[in-house]
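Asks: What follows is a single structure, and I will ask about it in a moment.
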Amino acid sequence: MTKRGRMAGGVFFLVLIIIGVVAFWTWSRLTGPVTRFASDSEVLLIARGADLSQVIDSLKAIGAVQDETAFRWLCDRKNYTAKVKPGRYRIPNGMSMNALVNKLRSGEQEPVRVTFNGIRRLPELAGKLGRALEPDSIAFLEALMDRGIQQKAGYTPETFIAAFVPNTYELWWTTTPDQFIVRMGKEHDAFWTTERKAKAVAIGLSTVEVATLASIVQAETVKRSDAPRIAGVYLNRLRIGMPLQADPTLKFALGLDSISRVLNTDKEVASPYNTYLNTGLPPGPINMPETGMIDAVLDAEDHDFLYFCARADLSGYSDFSRTYDQHLVNARKYQRALNARGIYR
């Protein structure tokens with residue numbers, strides 16, 4: 001082989017080495033670990049309407065992209081640049097650039113677990129949703145208070161809170177207010193099984209009326225063991241046309257949920273929620289009743305008690321009575337206990 005031939009062969013071999021090194025470097029760059037977190041993973045939020053530059057800025061902020069040029073190149077090759085998908089993504093530590101782009105391109109989101117219970121008013125629900133999901137609380141509140149949406153779902157402004165069943169739900173971070181309401185309608189229908197509906201019919205109440213009574217029972221006691229018995233008292237009063245005389249409905253009418261003691265003057269408030277002056281159930285729930293309280297109404301105790309009063313030991317349990325005279329004895333004990341502790345309101 002001539003000297004020129006040997007030189008050409010050497011150059012060719014050198015080029016192959018260079019190509020091999022570049023190819024290996026590129027392969028390592030794309031398939032080797034690039035995410036560098038202090039924890040096992042980080043959460044990436046991509047808002048609706050975000051472009052690739054905004055995605056890259058967010059990835060940089062959590063330490064998931066160090067080589068922007070390589071990342072953009074790969075996004076172009078995988079047709080992700082113009083097809084950014086919004087959502088909440090869980091990015092594991094040590095993930096490769098190739099796997100990262102594949103995850104984002106496929107829209108492989110991680111759902112958000114949202115728990116709501118103990119909700120008193122719809123604005124409170126809107127606030128909880130706004131903190132957990134992409135739309136803000138104002139967007140959720142506008143939808144929840146929209147009379148057209150309420151009417152379409154079969155409710156009034158007073159009863160719409162009964163459309164929501166407290167629980168823990170998995171939702172996409174991008175869930176819109178309208179999508180949330182549709183989802184909750186399905187969850188409501190799933191909760192109200194044929195068996196539960198039959199129980200409601202058996203006690204002479206609609207599902208909304210059950211929720212309304214359950215909301216009162218929920219406000220009356222923190223002791224679940226007392227709930228079916230308290231529900232039985234109210235059902236007995238409804239059957240004989242006796243006013244419910246439920247203090248929580250007065251608190252709702254007055255906007256004073258936090259007070260510990262209802263005064264006689266409170267019982268004169270002009271409101272459809274005043275169950276001292278009006279017979280029957282109030283116009284709608286006074287809070288969002290939990291499933292256990294709904295079942296307490298549906299499985300209410302069958303007894304002949306017409307009265308109950310919180311126990312004087314302030315344990316949270318109630319004393320029940322069949323006669324008004326006995327009820328007065330229990331009530332005076334409770335009032336003295338409050339006085340002794342300086343609780344006058």
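Identifiers in the structure tokens: chain A, B, ... in order shown; residue index from 1 per chain; ligand index from 1 in order shown.
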Select from segment 68-278 of chain A everything DSSP, run on the backbone, classes as alpha helix (DSSP H), then give the selection as a PyMOL selection string.

Replies: chain A and resi 68-77+97-106+122-132+137-144+147-152+177-191+194-202+207-220+227-240+247-254

Asks: Do a neighbour search on Glu220 of chain A at 12 Å with only C-alpha atoms, toss out local chain neighbours closer than 5 positions, and write the hits as a PyMOL selection string.

Replies: chain A and resi 213-215+226-231+233-234+245-251+257+260+286-287+289+293+308-310+316-318

Asks: Neighbouring residues of segment 278-282 of chain A were defined as those with any atom within 8 Å, considering only C-alpha atoms; residues of the same chain fewer than 2 positions away were excluded. Please report them as a ChimeraX atom specification.

Replies: /A:209,212-213,238,241-244,249,272-276,284-285

Asks: Determine, counting only C-alpha atoms, which protein, DNA and RNA residues have an atom within 7 Å of an atom of Asn117 of chain A; residues of the same chain fewer than 6 positions away are not included. Present the result as a list of chain:residue names.

Replies: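 Residues near the query, excluding close chain neighbours: A:Pro166, A:Asn167, A:Glu290.
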
Asks: Can you write just those residues out, N, CA and C atoms, as a tab-separated table (two decimals), in the first residue's frame?

Replies:
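Generated file (part.tsv):
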```tsv
chain	number	residue	atom	x	y	z
A	166	PRO	N	-69.15	14.34	49.57
A	166	PRO	CA	-67.79	14.45	50.11
A	166	PRO	C	-67.04	13.12	50.02
A	167	ASN	N	-65.81	13.21	49.55
A	167	ASN	CA	-64.99	12.02	49.41
A	167	ASN	C	-63.60	12.47	48.94
A	290	GLU	N	-71.79	14.66	55.02
A	290	GLU	CA	-70.93	13.54	54.69
A	290	GLU	C	-71.77	12.29	54.45
```

Asks: What's the separation between atom CA of Lys267 of chain A and atom CA of Gly255 of chain A, in Å to one decimal place?

Replies: 13.5 Å
